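Participant: Pasting a structure here, questions to come.
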Amino acid sequence: MFSRILVANRGEIALRILRACKDLGIETVAVYSEADKDSLHLRFADETICIGPPASAGSYLNIPAIIAAAEIADVEAIHPGYGFLSENAHFAEVCQSCNIKFIGPSPEAITQCGDKVAAKELAARAEVPCVPGSDGPVEDEQTALEIARRIGFPVLIKAAAGGGGRGMRVAHNEPSLVTGFHAARAEAEAAFNNSTVYIEKFIEKPRHVEIQILADTHGNVVHLGERDCSLQRRHQKLLEESPCPVLDDDTRRRMGEAAVRLAKVANYHSAGTVEFLLDRDKDFYFIEINSRIQVEHPVTEQVTGTDLIREMILVAAGEPLSFRQEDVELRGHAIEFRINAEDPDQNFKPSPGTIRSFVPPAGPGVRWDSHVYEGYTVPPHYDSMVGKLIVHRSSRKLAIETARRALQELQMDGIATTAPLFLRILEHSDFCAGEVDTGFIDRYFTPR
Ligand code: MV4
């Protein structure tokens, strides 16, 4: 087992990882930027090292600075958390060459997952259902037209290096396909330095359902049920829940088994997420694999009673998973609310500033994962999440009731947050009925 780990992240996930290390008896090293000198993650760690200026390019994305810190502090492993360097294959490779264990999948697996075309090829090989479309990159508009005629409109043009919806264009007819093809390529080139695009049938009003997997280096791969992440705005998730309110046991089992097959074909070791679209006929289609621990992992931890960060660390140290597939049981219902320092009444404008008075939510069925405290100043340099409220109850109905109570308990004066928006969402009859899709927020909750 590791005796000393460096946490290459900030905010709530840094705390989450430090806590898992402490539970395992592992010493910790926190790194921080100049903007984070008063951050809680520094107080939770055994040692702290400043790695650069506020802008992430000079600090949390600064590979030489992080590696230097790891060498100086003499750690055996680095946990990257989510965002920042978590899906950077080059960073994972540098760690490897410095004899530091990167707590995540291999550089090769990260590279394959990061290329959506390569990932889709793996999925097809693993006999995982994929959205009908081009089998591979589409090089010219003539080919794009032929594919669209074969699969039928509407189609979606996607960037192979994509993410966050960039380089994506919907086309409902041939002229818009031609325009969209060139626009998507130009956008992908500008955003990712890679103009490769592919084409899929456009699934209308899908739900976003993802399967959590864990794989060790001894050939054990398990799935831990699904998360429904349909509630999002501009590709930023707002709320995630497990189980998905409309998934039946058979579909869940087939999705889980598909995710496990994919992990095996990809030679994947660590925690990971296989993303699917679920259409209105309850057919599911693979879209992407995320090769990191995700923001929304706590809902899975709550319904499965597992500690995903702990398992991730154990697997990276070469230990076998602590449980088998038949031990995984989904109990009750969990919902996560991302509390962001954003004003939902001002088009989600970021609202950094100092938290004047603060009362965290608590009580039965409530988990609060956050790095903030009274007097803490939310810096403007990073993403705006100030906490995650996770409720866990025996049923979805009870989870919603507890969420209302917890959101009302939460007090965070001095900055605007997304908490009031969630109270309105929880009153919406479609949400309460579990009838949401990826367009829900734009339909009902964008500027009225
Ligand atoms: C799709 C789709 C419909 N049909 N693919 C958005 C970002 C990327 N992760 C994949 N995305 C989508 N792919 C096909 N063939 C709709 C989306 C999509 C979406 C997916 C998940 C969650 C929110 C979304 C919001 C808009 C579009």
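Convention: chains lettered A, B, ... in structure tokens order; per-chain residue numbering from 1; ligands numbered from 1 as shown.
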Which polymer residues have any atom within 12 Å of an atom of range 249-257 of chain A, counting only C-alpha atoms, with same-chain residues fewer than 4 positions away left out, as a ChimeraX atom specification?
Facilitator: /A:126-130,209-214,221-228,242-245,261-264,273-278,281-286,325-326,328-330
Participant: Just want the 9 Å neighbourhood of range 99-116 of chain A, counted on only C-alpha atoms, with same-chain residues fewer than 4 positions away dropped. Output as JSON, numbers by chain.
Facilitator: {"A": [67, 70, 71, 75, 76, 77, 78, 79, 80, 81, 86, 87, 88, 89, 90, 91, 92, 93, 94, 95, 120, 121, 122, 158, 159, 160, 161, 162, 163, 198, 266, 267, 268, 269, 270, 271, 272, 287, 288, 289, 290, 291, 292, 293, 312, 313, 315, 316, 317]}
Participant: Can you check which residues of range 87-176 of chain A DSSP gives as strand (DSSP E or B) on the backbone and send them as a ChimeraX atom specification?
Facilitator: /A:101-102,130,133,155-159,163,166,169-171
Participant: Neighbours of ligand 1 at 9 Å or closer, counting only C-alpha atoms and all ligand atoms: which residues, as a VMD selection string?
Facilitator: chain A and resid 130 to 133 155 to 158 162 to 166 168 170 199 to 209 229 to 237 275 to 277 285 287 to 288 437 to 439
Participant: Neighbouring residues of range 383-389 of chain A were defined as those with any atom within 9 Å, considering only C-alpha atoms; residues of the same chain fewer than 5 positions away were excluded. Please report them as a count of residues only.
Facilitator: 28
Participant: Determine the nearest neighbour of Thr304 in chain A from the options A:Cys432, A:His333, A:Asp442, A:Leu321, counting only C-alpha atoms.
Facilitator: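 Between A:Cys432, A:His333, A:Asp442, A:Leu321, the residue approaching Thr304 in chain A most closely is A:His333.
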Participant: Mind checking DSSP for range 167-371 of chain A and telling me the helix (DSSP H, G or I) residues as a ChimeraX atom specification?
Facilitator: /A:174-192,249-265,297-304,308-316,325-327,344-346
Participant: Between CA of Ile309 in chain A and CA of Lys37 in chain A, what is the spacing in Å?
Facilitator: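 Those two atoms sit 24.7 Å apart.
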Participant: As a VMD selection string, please: the residues near Val178 in chain A (cut-off 12 Å, only C-alpha atoms, same-chain neighbours under 3 positions excluded).
Facilitator: chain A and resid 140 to 146 148 155 to 157 169 to 175 181 to 185
Participant: From the list A:Asn347, A:Ser429, A:Ser322, A:Gln411, which residue is nearest His218 in chain A when using only C-alpha atoms?
Facilitator: A:Ser322
Participant: Rank nothing, just name the residue among A:Leu314, A:Leu42, A:Leu426, A:Ala124 nearest to Ile26 in chain A, using only C-alpha atoms.
Facilitator: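 Ranking A:Leu314, A:Leu42, A:Leu426, A:Ala124 by distance to Ile26 in chain A, first place goes to A:Leu314.
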Participant: Between CA of Ile355 in chain A and CA of Leu410 in chain A, what distance in Å does the model show, to one decimal?
Facilitator: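 One can read the CA of Ile355 in chain A to CA of Leu410 in chain A distance as 12.3 Å.
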Participant: If you count only C-alpha atoms, which residues fall within 9 Å of Pro420 in chain A, apart from same-chain ones fewer than 2 positions away, as an MDAnalysis selection string?
Facilitator: chainID A and resid 344 407:408 417:418 422:425
Participant: Could you save the residues just selected, with C-alpha atoms, as a short mmCIF file (atom, residue, chain, number, x, y, z; two decimals), in the first residue's frame?
Facilitator:
```
data_model
loop_
_atom_site.label_atom_id
_atom_site.label_comp_id
_atom_site.auth_asym_id
_atom_site.auth_seq_id
_atom_site.Cartn_x
_atom_site.Cartn_y
_atom_site.Cartn_z
CA PRO A 344 -29.79 31.62 -11.61
CA LEU A 407 -31.90 23.21 0.79
CA GLN A 408 -33.90 25.41 3.15
CA THR A 417 -26.06 30.40 -5.36
CA THR A 418 -28.06 27.88 -7.36
CA PHE A 422 -33.26 23.68 -6.95
CA LEU A 423 -36.17 24.52 -4.65
CA ARG A 424 -38.13 25.56 -7.75
CA ILE A 425 -37.11 22.43 -9.68
#
```
